[in-house]
$ cat coords39.cif   # mmCIF, C-alpha atoms
data_my_file
loop_
_atom_site.label_atom_id
_atom_site.label_comp_id
_atom_site.auth_asym_id
_atom_site.auth_seq_id
_atom_site.Cartn_x
_atom_site.Cartn_y
_atom_site.Cartn_z
CA MET A 220 66.51 -141.79 122.70
CA ARG A 221 66.25 -142.15 126.41
CA PHE A 222 69.86 -143.40 126.57
CA VAL A 223 71.13 -140.51 124.54
CA GLY A 224 69.32 -138.12 126.85
CA LEU A 225 70.88 -139.68 129.93
CA ARG A 226 74.31 -139.77 128.37
CA LEU A 227 74.05 -136.09 127.70
CA ALA A 228 72.50 -135.32 131.06
CA TRP A 229 75.43 -136.62 133.13
CA PRO A 230 78.17 -134.46 131.70
CA LEU A 231 75.82 -131.52 131.82
CA ALA A 232 75.06 -132.13 135.46
CA LEU A 233 78.76 -132.51 136.22
CA LEU A 234 79.49 -129.31 134.40
CA ALA A 235 76.78 -127.53 136.34
CA VAL A 236 78.16 -128.75 139.67
CA ALA A 237 81.69 -127.82 138.65
CA TYR A 238 80.57 -124.32 137.70
CA SER A 239 78.62 -123.72 140.87
CA THR A 240 81.41 -124.96 143.17
CA ALA A 241 83.97 -122.89 141.26
CA GLY A 242 81.82 -119.82 141.89
CA TYR A 243 81.50 -120.71 145.54
CA ALA A 244 85.25 -121.27 145.93
CA GLN A 245 85.83 -117.89 144.33
CA ASP A 246 83.52 -116.18 146.83
CA ILE A 247 85.25 -117.79 149.78
CA GLY A 248 88.65 -116.92 148.35
CA ALA A 249 87.68 -113.29 147.94
CA ALA A 250 86.35 -113.11 151.47
CA ALA A 251 89.51 -114.69 152.87
CA ARG A 252 91.74 -112.24 150.99
CA ARG A 253 89.75 -109.42 152.51
CA GLY A 254 90.26 -110.87 155.98
CA GLY A 255 93.12 -109.99 158.23
CA LEU A 256 93.76 -107.04 160.49
CA GLU A 257 94.45 -104.44 157.80
CA ALA A 258 91.18 -105.11 155.99
CA LYS A 259 89.24 -105.09 159.24
CA LEU A 260 90.80 -101.76 160.24
CA GLU A 261 89.75 -100.24 156.92
CA TYR A 262 86.27 -101.57 157.59
CA CYS A 263 86.15 -99.85 161.01
CA LYS A 264 87.51 -96.61 159.61
CA THR A 265 84.96 -96.45 156.80
CA CYS A 266 82.46 -95.38 159.45
CA HIS A 267 84.60 -94.18 162.36
CA GLY A 268 86.68 -91.81 160.25
CA LEU A 269 89.72 -92.53 158.13
CA SER A 270 92.00 -91.72 161.10
CA GLY A 271 89.56 -92.99 163.73
CA GLN A 272 88.57 -89.41 164.59
CA GLY A 273 84.85 -90.19 164.40
CA TYR A 274 82.29 -89.26 161.76
CA LEU A 275 78.76 -87.99 161.36
CA GLY A 276 76.67 -90.41 159.35
CA TYR A 277 72.95 -90.83 159.86
CA PHE A 278 74.12 -91.71 163.36
CA PRO A 279 77.13 -90.14 165.04
CA MET A 280 80.08 -92.57 164.93
CA PRO A 281 82.32 -92.20 167.97
CA ARG A 282 86.01 -91.39 167.87
CA LEU A 283 88.08 -94.52 168.48
CA ALA A 284 91.48 -92.88 168.14
CA GLY A 285 93.39 -92.85 171.42
CA GLN A 286 90.63 -94.80 173.11
CA GLN A 287 91.49 -97.11 176.01
CA PRO A 288 91.90 -100.66 174.64
CA GLN A 289 90.16 -102.18 177.64
CA TYR A 290 87.18 -99.92 177.05
CA ILE A 291 86.95 -100.81 173.36
CA GLU A 292 87.17 -104.50 174.14
CA ALA A 293 84.56 -104.24 176.89
CA GLN A 294 82.16 -102.38 174.58
CA LEU A 295 82.60 -104.81 171.69
CA ARG A 296 81.79 -107.65 174.09
CA ALA A 297 78.77 -105.70 175.36
CA PHE A 298 77.50 -105.37 171.76
CA ILE A 299 77.98 -109.08 171.14
CA GLU A 300 76.20 -110.05 174.36
CA ARG A 301 73.51 -107.43 173.70
CA ARG A 302 74.23 -105.62 176.94
CA ARG A 303 74.67 -102.50 174.84
CA THR A 304 71.89 -102.04 172.33
CA ASN A 305 72.97 -101.11 168.83
CA PRO A 306 71.77 -102.98 165.76
CA ILE A 307 74.75 -102.00 163.60
CA MET A 308 77.45 -102.75 166.12
CA PHE A 309 76.01 -106.14 167.01
CA ASN A 310 76.47 -107.25 163.42
CA VAL A 311 79.91 -105.72 163.25
CA ALA A 312 81.15 -107.20 166.50
CA HIS A 313 79.73 -110.69 166.49
CA VAL A 314 82.07 -111.91 163.71
CA LEU A 315 85.23 -110.70 165.48
CA SER A 316 87.49 -113.33 166.98
CA PRO A 317 88.87 -112.56 170.46
CA SER A 318 92.37 -112.03 169.05
CA MET A 319 91.07 -109.69 166.33
CA LEU A 320 89.18 -107.77 168.98
CA THR A 321 92.35 -107.25 171.00
CA ALA A 322 94.38 -106.29 167.91
CA LEU A 323 91.81 -103.68 166.84
CA ALA A 324 91.61 -102.16 170.31
CA THR A 325 95.40 -101.91 170.52
CA HIS A 326 95.65 -100.27 167.08
CA PHE A 327 93.25 -97.44 167.86
CA ARG A 328 95.12 -96.67 171.07
CA GLY A 329 98.07 -95.52 168.96
CA LEU A 330 96.17 -93.01 166.75
CA ASN A 331 96.12 -89.32 167.58
CA PRO A 332 94.27 -87.26 164.94
CA LYS A 333 92.84 -83.81 165.65
CA PRO A 334 89.35 -83.76 167.21
CA PHE A 335 86.47 -84.07 164.75
CA GLY A 336 85.22 -80.63 165.87
CA GLY A 337 82.00 -78.87 164.97
CA ALA A 338 80.51 -78.53 168.46
CA PRO A 339 78.84 -75.25 169.45
CA ARG A 340 81.28 -73.13 171.43
CA GLY A 341 78.78 -71.10 173.46
CA SER A 342 78.77 -73.18 176.65
CA ILE A 343 82.32 -74.52 176.71
CA ALA A 344 83.13 -72.56 179.90
CA LEU A 345 80.17 -74.14 181.69
CA GLY A 346 81.21 -77.52 180.33
CA LYS A 347 84.73 -77.09 181.66
CA ARG A 348 83.38 -76.19 185.11
CA ILE A 349 81.10 -79.24 185.20
CA TYR A 350 83.93 -81.45 183.92
CA GLU A 351 86.41 -80.24 186.53
CA GLU A 352 84.18 -79.52 189.52
CA GLY A 353 80.92 -81.38 188.94
CA LEU A 354 77.57 -79.98 190.09
CA PRO A 355 77.42 -80.73 193.83
CA GLU A 356 73.89 -79.33 194.11
CA SER A 357 72.65 -81.89 191.52
CA ASN A 358 74.75 -84.83 192.71
CA VAL A 359 76.94 -84.74 189.62
CA PRO A 360 80.55 -85.63 190.43
CA ALA A 361 83.44 -84.06 188.54
CA CYS A 362 83.98 -85.99 185.32
CA SER A 363 87.72 -85.50 185.74
CA ALA A 364 87.69 -87.63 188.90
CA CYS A 365 87.37 -90.78 186.80
CA HIS A 366 88.04 -89.71 183.20
CA GLY A 367 91.20 -87.79 184.15
CA THR A 368 91.94 -84.06 184.04
CA GLU A 369 92.81 -84.31 180.34
CA GLY A 370 89.93 -86.65 179.52
CA LYS A 371 92.19 -89.54 178.52
CA GLY A 372 90.39 -92.15 180.63
CA GLN A 373 92.04 -95.28 181.98
CA ASN A 374 91.43 -99.02 181.63
CA GLU A 375 87.69 -99.57 181.31
CA ILE A 376 86.97 -95.85 181.77
CA PRO A 377 86.78 -94.29 178.33
CA ARG A 378 88.75 -91.43 176.89
CA LEU A 379 86.43 -88.47 176.30
CA ALA A 380 88.99 -86.08 174.81
CA GLY A 381 88.07 -85.26 171.22
CA GLN A 382 84.91 -87.33 171.30
CA VAL A 383 82.33 -86.41 168.64
CA TYR A 384 79.88 -83.93 170.19
CA ALA A 385 76.66 -85.48 168.85
CA TYR A 386 77.80 -88.90 170.05
CA THR A 387 78.45 -87.78 173.64
CA VAL A 388 75.14 -85.90 173.74
CA GLY A 389 73.30 -88.97 172.41
CA GLN A 390 74.89 -91.34 174.93
CA LEU A 391 74.37 -89.12 177.97
CA THR A 392 70.77 -88.27 177.10
CA GLY A 393 69.83 -91.86 176.28
CA TRP A 394 71.98 -93.69 178.81
CA ASN A 395 69.30 -95.91 180.28
CA LYS A 396 68.07 -96.94 176.85
CA ASN A 397 71.42 -97.63 175.16
CA ARG A 398 73.79 -98.45 177.96
CA GLY A 399 73.94 -99.93 181.39
CA GLN A 400 72.17 -103.20 180.63
CA GLY A 401 75.23 -105.04 181.83
CA SER A 402 75.56 -103.59 185.31
CA ALA A 403 76.41 -107.01 186.71
CA VAL A 404 79.43 -107.52 184.44
CA ASP A 405 80.74 -104.07 183.56
CA THR A 406 81.12 -100.58 184.98
CA SER A 407 78.55 -98.85 182.79
CA ALA A 408 75.98 -98.63 185.59
CA ILE A 409 78.17 -96.06 187.33
CA MET A 410 77.13 -93.47 184.77
CA ALA A 411 73.37 -93.99 185.10
CA PRO A 412 72.65 -91.60 188.01
CA THR A 413 75.08 -88.97 186.72
CA ALA A 414 73.55 -89.03 183.23
CA HIS A 415 70.11 -88.81 184.84
CA ASN A 416 71.05 -85.80 186.97
CA LEU A 417 72.42 -83.72 184.11
CA THR A 418 69.99 -81.46 182.26
CA ARG A 419 70.05 -81.42 178.46
CA SER A 420 71.90 -78.09 178.36
CA GLN A 421 74.45 -79.32 180.91
CA VAL A 422 75.02 -82.45 178.81
CA GLU A 423 75.56 -80.25 175.75
CA ALA A 424 78.02 -78.07 177.65
CA VAL A 425 80.13 -81.01 178.84
CA ALA A 426 79.98 -82.73 175.44
CA ALA A 427 81.13 -79.53 173.71
CA TYR A 428 83.98 -79.06 176.19
CA VAL A 429 85.39 -82.58 175.89
CA SER A 430 84.98 -82.58 172.09
CA TYR A 431 87.71 -79.94 171.82
CA LEU A 432 90.15 -81.57 174.28
CA GLN A 433 93.20 -82.81 172.39
CA MET B 228 81.71 -84.19 117.47
CA LYS B 229 78.25 -84.80 118.90
CA ARG B 230 79.60 -84.38 122.42
CA ILE B 231 81.29 -81.11 121.61
CA GLY B 232 78.05 -79.90 120.09
CA LEU B 233 76.10 -80.74 123.24
CA ARG B 234 78.66 -79.07 125.44
CA ILE B 235 78.52 -75.93 123.39
CA ALA B 236 74.74 -76.02 123.53
CA ILE B 237 74.77 -76.30 127.33
CA LEU B 238 77.35 -73.57 127.67
CA ALA B 239 75.38 -71.34 125.35
CA ILE B 240 72.23 -71.81 127.39
CA ILE B 241 74.04 -71.07 130.64
CA ALA B 242 75.86 -68.09 129.23
CA SER B 243 72.68 -66.56 127.88
CA THR B 244 70.67 -66.91 131.06
CA GLY B 245 73.31 -67.08 133.80
CA PRO B 246 72.59 -64.30 136.28
CA ALA B 247 68.96 -63.67 135.42
CA TRP B 248 67.12 -66.60 136.99
CA ALA B 249 65.20 -66.20 140.22
CA GLY B 250 65.07 -69.69 141.78
CA ASP B 251 61.47 -70.68 141.06
CA GLY B 252 60.22 -73.48 138.86
CA GLN B 253 59.94 -71.25 135.83
CA SER B 254 63.46 -69.92 135.93
CA ALA B 255 66.08 -70.56 133.29
CA GLY B 256 68.47 -71.87 135.97
CA VAL B 257 66.10 -74.67 136.83
CA ARG B 258 65.39 -75.32 133.16
CA ASN B 259 69.09 -75.83 132.54
CA CYS B 260 68.97 -78.73 135.00
CA THR B 261 65.64 -80.22 133.99
CA TRP B 262 66.81 -80.30 130.38
CA CYS B 263 68.68 -83.50 131.32
CA HIS B 264 67.35 -84.38 134.79
CA GLY B 265 63.71 -84.45 133.70
CA THR B 266 61.00 -81.82 133.84
CA SER B 267 60.28 -82.30 137.53
CA GLY B 268 63.82 -83.33 138.43
CA GLN B 269 62.90 -87.02 138.58
CA GLY B 270 65.93 -88.06 136.56
CA TYR B 271 66.21 -89.35 133.02
CA MET B 272 68.53 -91.97 131.57
CA VAL B 273 72.02 -91.33 133.01
CA ALA B 274 71.04 -88.09 134.76
CA PRO B 275 70.03 -88.98 138.32
CA ARG B 276 66.89 -87.92 140.16
CA LEU B 277 67.35 -84.57 141.90
CA ALA B 278 63.82 -84.43 143.35
CA GLY B 279 63.91 -85.02 147.09
CA GLN B 280 67.69 -85.15 147.16
CA ARG B 281 69.34 -83.57 150.21
CA ALA B 282 69.96 -79.88 149.51
CA GLN B 283 73.38 -79.96 151.19
CA TYR B 284 74.37 -82.92 149.05
CA ILE B 285 73.31 -81.28 145.78
CA GLU B 286 75.21 -78.18 146.82
CA SER B 287 78.34 -80.14 147.72
CA GLN B 288 78.26 -82.03 144.41
CA LEU B 289 77.82 -78.82 142.41
CA ARG B 290 80.90 -77.54 144.25
CA SER B 291 82.74 -80.78 143.45
CA TYR B 292 81.98 -80.37 139.73
CA HIS B 293 83.07 -76.77 139.90
CA GLU B 294 86.36 -77.71 141.56
CA HIS B 295 86.73 -80.79 139.35
CA THR B 296 86.96 -83.16 142.33
CA ARG B 297 84.03 -85.33 141.18
CA ASP B 298 85.63 -86.92 138.17
CA ASN B 299 83.59 -89.88 136.94
CA PRO B 300 82.97 -89.91 133.16
CA PHE B 301 79.51 -88.29 133.00
CA SER B 302 80.61 -85.66 135.50
CA THR B 303 83.58 -84.59 133.43
CA GLN B 304 81.61 -84.79 130.18
CA TYR B 305 78.47 -82.95 131.23
CA MET B 306 78.52 -81.49 134.72
CA TRP B 307 81.91 -79.75 134.73
CA GLY B 308 80.77 -77.60 131.83
CA ALA B 309 77.22 -77.22 133.09
CA VAL B 310 78.27 -75.65 136.41
CA ALA B 311 81.21 -73.61 135.12
CA ALA B 312 79.24 -70.36 135.30
CA LEU B 313 77.24 -71.28 138.41
CA GLY B 314 78.00 -69.23 141.54
CA PRO B 315 77.61 -70.56 145.12
CA ARG B 316 74.45 -68.53 145.67
CA GLU B 317 72.72 -69.96 142.59
CA ALA B 318 73.94 -73.45 143.46
CA ARG B 319 72.30 -73.19 146.87
CA ASP B 320 69.02 -71.91 145.43
CA LEU B 321 68.91 -74.74 142.88
CA ALA B 322 69.71 -77.30 145.58
CA ILE B 323 66.89 -76.07 147.80
CA TYR B 324 64.49 -75.99 144.86
CA PHE B 325 65.08 -79.63 143.88
CA ALA B 326 65.22 -80.88 147.46
CA THR B 327 61.63 -79.77 148.03
CA ILE B 328 60.16 -81.75 145.09
CA VAL B 329 58.61 -85.05 146.22
CA PRO B 330 60.70 -87.89 144.76
CA LYS B 331 59.31 -90.90 142.92
CA ALA B 332 60.90 -94.35 143.07
CA ALA B 333 62.57 -95.64 139.89
CA ASN B 334 61.36 -99.23 140.53
CA ASP B 335 63.67 -100.47 137.80
CA GLY B 336 65.82 -103.01 139.65
CA ASP B 337 65.53 -106.80 139.78
CA ARG B 338 62.75 -107.63 142.26
CA ASN B 339 64.32 -111.02 142.97
CA LEU B 340 67.36 -109.28 144.44
CA MET B 341 65.41 -106.95 146.75
CA ALA B 342 65.67 -109.06 149.88
CA ARG B 343 69.38 -109.66 149.42
CA GLY B 344 69.95 -105.96 148.73
CA ARG B 345 67.98 -104.93 151.77
CA ALA B 346 70.01 -107.27 153.98
CA ILE B 347 73.28 -105.82 152.71
CA TYR B 348 71.93 -102.28 153.07
CA LEU B 349 70.99 -102.82 156.71
CA ASP B 350 73.68 -105.18 158.01
CA GLY B 351 76.50 -105.07 155.50
CA ILE B 352 78.47 -108.32 155.31
CA PRO B 353 80.77 -108.09 158.33
CA GLU B 354 82.64 -111.29 157.38
CA ALA B 355 83.67 -109.67 154.08
CA ASN B 356 84.26 -106.22 155.62
CA ILE B 357 81.32 -104.74 153.76
CA VAL B 358 79.90 -101.93 155.87
CA SER B 359 76.22 -101.26 156.57
CA CYS B 360 74.84 -98.51 154.29
CA TYR B 361 72.16 -97.78 156.86
CA ALA B 362 74.68 -96.34 159.35
CA CYS B 363 75.22 -93.27 157.17
CA HIS B 364 72.32 -93.17 154.70
CA GLY B 365 69.59 -93.82 157.27
CA PRO B 366 66.98 -96.53 157.87
CA ASN B 367 64.95 -95.62 154.78
CA ALA B 368 67.87 -94.55 152.57
CA GLU B 369 66.68 -90.97 153.02
CA GLY B 370 70.13 -89.47 153.60
CA VAL B 371 70.95 -86.65 155.99
CA ARG B 372 72.80 -83.32 155.62
CA ASP B 373 75.31 -83.81 152.79
CA ILE B 374 74.87 -87.60 152.78
CA PRO B 375 72.64 -88.36 149.80
CA ARG B 376 69.21 -89.94 149.63
CA LEU B 377 69.60 -93.27 147.84
CA GLY B 378 66.01 -94.46 148.02
CA GLY B 379 64.33 -94.55 144.61
CA LEU B 380 67.42 -93.74 142.56
CA ALA B 381 67.64 -95.55 139.23
CA TYR B 382 69.27 -98.98 139.17
CA PHE B 383 71.85 -98.04 136.52
CA TYR B 384 72.83 -94.85 138.29
CA VAL B 385 73.51 -96.50 141.67
CA LYS B 386 75.20 -99.47 140.02
CA GLY B 387 77.43 -97.17 137.98
CA ARG B 388 78.42 -95.03 140.94
CA LEU B 389 79.28 -98.02 143.13
CA GLU B 390 81.39 -99.50 140.34
CA GLN B 391 83.15 -96.20 139.71
CA TRP B 392 84.26 -95.82 143.32
CA GLY B 393 85.75 -99.25 143.12
CA GLN B 394 87.58 -98.16 139.96
CA GLY B 395 89.14 -95.18 141.72
CA TYR B 396 86.97 -92.23 140.67
CA HIS B 397 86.41 -89.53 143.28
CA SER B 398 83.39 -87.65 144.56
CA GLY B 399 83.90 -85.19 147.38
CA VAL B 400 86.95 -84.69 149.51
CA GLU B 401 87.22 -87.15 152.42
CA SER B 402 84.23 -89.22 151.32
CA PRO B 403 84.30 -92.70 152.82
CA MET B 404 82.63 -94.10 149.70
CA PRO B 405 85.73 -95.22 147.78
CA LEU B 406 86.65 -97.35 150.78
CA ALA B 407 83.08 -98.53 151.39
CA ALA B 408 82.54 -99.51 147.75
CA SER B 409 85.92 -101.16 147.23
CA HIS B 410 84.77 -104.30 149.05
CA LEU B 411 81.58 -104.75 147.02
CA GLY B 412 81.52 -107.44 144.35
CA PRO B 413 79.29 -107.30 141.23
CA ASN B 414 76.56 -109.43 142.85
CA GLU B 415 76.40 -107.19 145.90
CA ILE B 416 76.28 -104.05 143.76
CA GLU B 417 73.41 -105.48 141.68
CA ALA B 418 71.48 -106.42 144.81
CA LEU B 419 71.96 -103.00 146.43
CA ALA B 420 71.08 -101.06 143.27
CA SER B 421 68.00 -103.24 142.79
CA TYR B 422 66.78 -102.82 146.36
CA LEU B 423 67.36 -99.06 146.43
CA SER B 424 65.41 -98.49 143.21
CA PHE B 425 62.26 -99.67 144.99
CA VAL B 426 62.69 -97.69 148.23
CA LYS B 427 60.13 -94.89 148.55
#
$ encode --input "coords39.cif" --output "structure tokens"
Amino acid sequence: MRFVGLRLAWPLALLAVAYSTAGYAQDIGAAARRGGLEAKLEYCKTCHGLSGQGYLGYFPMPRLAGQQPQYIEAQLRAFIERRRTNPIMFNVAHVLSPSMLTALATHFRGLNPKPFGGAPRGSIALGKRIYEEGLPESNVPACSACHGTEGKGQNEIPRLAGQVYAYTVGQLTGWNKNRGQGSAVDTSAIMAPTAHNLTRSQVEAVAAYVSYLQ
Amino acid sequence: MKRIGLRIAILAIIASTGPAWAGDGQSAGVRNCTWCHGTSGQGYMVAPRLAGQRAQYIESQLRSYHEHTRDNPFSTQYMWGAVAALGPREARDLAIYFATIVPKAANDGDRNLMARGRAIYLDGIPEANIVSCYACHGPNAEGVRDIPRLGGLAYFYVKGRLEQWGQGYHSGVESPMPLAASHLGPNEIEALASYLSFVK
């Protein structure tokens, strides 16, 4: 009786192992098929807009289209190293290989969809003035001095043209909380005093102005 | 035959009461919904909970049925006919009415899958290009604007919807959901639907 039981038990155990490893191999296979640049780009665009134009979820998702590759790379590294605090983007970024990171950044550079839109238009004129001339009385330099007259940015300085309004407002009003933890290794600290010196309504004006720049 | 009968019944009810309802709990407009969605809009069988759903979402879905953009089987069978005579004004009033009812949780998923579902909801599975649900639907699956509340929806409803996106059915225009759901496997869908059914 005992022998019979054992004799039966072995094939059963083997079968069980075979089944479980087959399932495992299938999972890995599926994940690998979904890998690659194309799949990763779709993954990014699920949240950042199907053309990278940005999106409003529970949180505003910034426009990546036309963004400076160096800026994207620097920010993804900042998420990974937790110099920029964002629970979602840490998870997203920490699985990216350095070559994938570069490939993604380069891809978004080449996209040029229309701005996401939707910003209030009431204070665009004020926003344009702040963007082009700054607010000397409040120690706010002209944004255009670094971000360019058309808001295209350069190198590590981000493009602002067409950026999602709610995103820009959120970043500028919460700069010290979300950004600038990496002052020793990146340029984000430059923005801290400027963000601090802008009032909420001035932030909204600038954010609205740049959101419509093409 | 049965289906045709039901459709005629729904149409008859709508046709007879169409413009008369006033937007309160007693109105015929609301009764036309609660007929299937439960007396206090808490959902019943395949008809999802409307109570506590985002008003903008309900409105956008009613528009999608009207324009025949939301095309999954139950939508084409029931909702296309049900909203045929519904104007934008009435749709908005109904949406606001149901949004203000406090939702209950379905609690009908597999409790053993809750932790797994919650992890996928919050973090996604970046290695498999599965996005975080939390980024759009909020930390407590409460939704925002026209992004729906998912918390407390019935297991079979969420499971069905996630499967249908993967199969190529549509909801609204420019919804990221077909893309988001296309990477989910059956195990992940079961875990998510289970977790969400318990979220209050």
$ atom_distance --input "coords39.cif" --atom1 "CA of Arg398 in chain A" --atom2 "CA of Lys264 in chain A"
23.0 Å
$ interface_residues --input "coords39.cif" --of "chain A" --to "chain B" --cutoff "8 Å" --atoms "only C-alpha atoms" --output "PyMOL selection string"
chain A and resi 250-251+253-254+258-259+261-262+265-266+268-269+275-278+307+310-311+314
$ residues_around --input "coords39.cif" --residues "Ile349 in chain A" --least-positions-apart "4" --cutoff "7 Å" --atoms "all atoms listed in the file" --output "compact mmCIF listing (two decimals) with C-alpha atoms, in the frame of the given file"
# COMPACT_ATOMS: atom_id res chain seq x y z
CA LEU A 345 80.17 -74.14 181.69
CA GLY A 353 80.92 -81.38 188.94
CA LEU A 354 77.57 -79.98 190.09
CA ALA A 361 83.44 -84.06 188.54
CA VAL A 425 80.13 -81.01 178.84
$ axis_aligned_box --input "coords39.cif" --around "range 319-326 of chain A" --padding-each-side "8 Å" --output "AutoDock Vina command-line options"
--center_x 92.4 --center_y -105.0 --center_z 168.7 --size_x 22.5 --size_y 25.4 --size_z 20.7
$ atom_distance --input "coords39.cif" --atom1 "CA of His397 in chain B" --atom2 "CA of Ala346 in chain B"
26.4 Å
$ decode --input "coords39.cif" --residues "range 293-346 of chain A" --atoms "C-alpha atoms" --output "PDB file, in the first residue's frame"
ATOM      1  CA  ALA A 293      18.323  63.951 -15.700  1.00  0.00           C
ATOM      2  CA  GLN A 294      14.798  63.774 -14.248  1.00  0.00           C
ATOM      3  CA  LEU A 295      14.505  60.004 -14.654  1.00  0.00           C
ATOM      4  CA  ARG A 296      17.806  59.659 -12.794  1.00  0.00           C
ATOM      5  CA  ALA A 297      16.539  62.044 -10.115  1.00  0.00           C
ATOM      6  CA  PHE A 298      13.448  59.836  -9.638  1.00  0.00           C
ATOM      7  CA  ILE A 299      15.594  56.711  -9.371  1.00  0.00           C
ATOM      8  CA  GLU A 300      17.955  58.310  -6.858  1.00  0.00           C
ATOM      9  CA  ARG A 301      15.004  59.837  -5.002  1.00  0.00           C
ATOM     10  CA  ARG A 302      16.282  63.357  -5.492  1.00  0.00           C
ATOM     11  CA  ARG A 303      12.896  64.132  -7.006  1.00  0.00           C
ATOM     12  CA  THR A 304      10.044  62.827  -4.912  1.00  0.00           C
ATOM     13  CA  ASN A 305       7.304  61.035  -6.799  1.00  0.00           C
ATOM     14  CA  PRO A 306       6.043  57.595  -5.802  1.00  0.00           C
ATOM     15  CA  ILE A 307       4.752  56.700  -9.271  1.00  0.00           C
ATOM     16  CA  MET A 308       7.784  57.807 -11.223  1.00  0.00           C
ATOM     17  CA  PHE A 309      10.218  56.041  -8.914  1.00  0.00           C
ATOM     18  CA  ASN A 310       8.572  52.733  -9.767  1.00  0.00           C
ATOM     19  CA  VAL A 311       8.451  53.597 -13.438  1.00  0.00           C
ATOM     20  CA  ALA A 312      12.043  54.743 -13.689  1.00  0.00           C
ATOM     21  CA  HIS A 313      13.919  52.270 -11.548  1.00  0.00           C
ATOM     22  CA  VAL A 314      13.453  49.389 -14.025  1.00  0.00           C
ATOM     23  CA  LEU A 315      14.801  51.367 -16.994  1.00  0.00           C
ATOM     24  CA  SER A 316      18.231  50.435 -18.292  1.00  0.00           C
ATOM     25  CA  PRO A 317      20.555  53.353 -19.140  1.00  0.00           C
ATOM     26  CA  SER A 318      20.229  52.639 -22.872  1.00  0.00           C
ATOM     27  CA  MET A 319      16.426  52.479 -22.653  1.00  0.00           C
ATOM     28  CA  LEU A 320      16.458  55.765 -20.781  1.00  0.00           C
ATOM     29  CA  THR A 321      18.438  57.429 -23.565  1.00  0.00           C
ATOM     30  CA  ALA A 322      16.248  55.907 -26.287  1.00  0.00           C
ATOM     31  CA  LEU A 323      13.047  57.136 -24.611  1.00  0.00           C
ATOM     32  CA  ALA A 324      14.406  60.636 -24.126  1.00  0.00           C
ATOM     33  CA  THR A 325      15.482  60.827 -27.770  1.00  0.00           C
ATOM     34  CA  HIS A 326      12.084  59.622 -29.013  1.00  0.00           C
ATOM     35  CA  PHE A 327      10.072  62.288 -27.206  1.00  0.00           C
ATOM     36  CA  ARG A 328      12.350  64.998 -28.580  1.00  0.00           C
ATOM     37  CA  GLY A 329      10.970  64.263 -32.045  1.00  0.00           C
ATOM     38  CA  LEU A 330       7.235  64.604 -31.204  1.00  0.00           C
ATOM     39  CA  ASN A 331       5.376  67.835 -31.829  1.00  0.00           C
ATOM     40  CA  PRO A 332       1.653  67.552 -31.013  1.00  0.00           C
ATOM     41  CA  LYS A 333      -0.531  70.583 -30.282  1.00  0.00           C
ATOM     42  CA  PRO A 334      -0.484  71.817 -26.673  1.00  0.00           C
ATOM     43  CA  PHE A 335      -2.830  69.990 -24.295  1.00  0.00           C
ATOM     44  CA  GLY A 336      -4.669  73.286 -23.665  1.00  0.00           C
ATOM     45  CA  GLY A 337      -7.381  74.046 -21.152  1.00  0.00           C
ATOM     46  CA  ALA A 338      -5.605  76.766 -19.162  1.00  0.00           C
ATOM     47  CA  PRO A 339      -7.550  79.873 -18.113  1.00  0.00           C
ATOM     48  CA  ARG A 340      -6.853  82.687 -20.553  1.00  0.00           C
ATOM     49  CA  GLY A 341      -7.492  85.643 -18.241  1.00  0.00           C
ATOM     50  CA  SER A 342      -3.910  86.353 -17.181  1.00  0.00           C
ATOM     51  CA  ILE A 343      -1.968  85.309 -20.262  1.00  0.00           C
ATOM     52  CA  ALA A 344      -0.798  88.898 -20.891  1.00  0.00           C
ATOM     53  CA  LEU A 345       0.640  89.109 -17.370  1.00  0.00           C
ATOM     54  CA  GLY A 346       2.214  85.694 -17.861  1.00  0.00           C
TER      55      GLY A 346
END
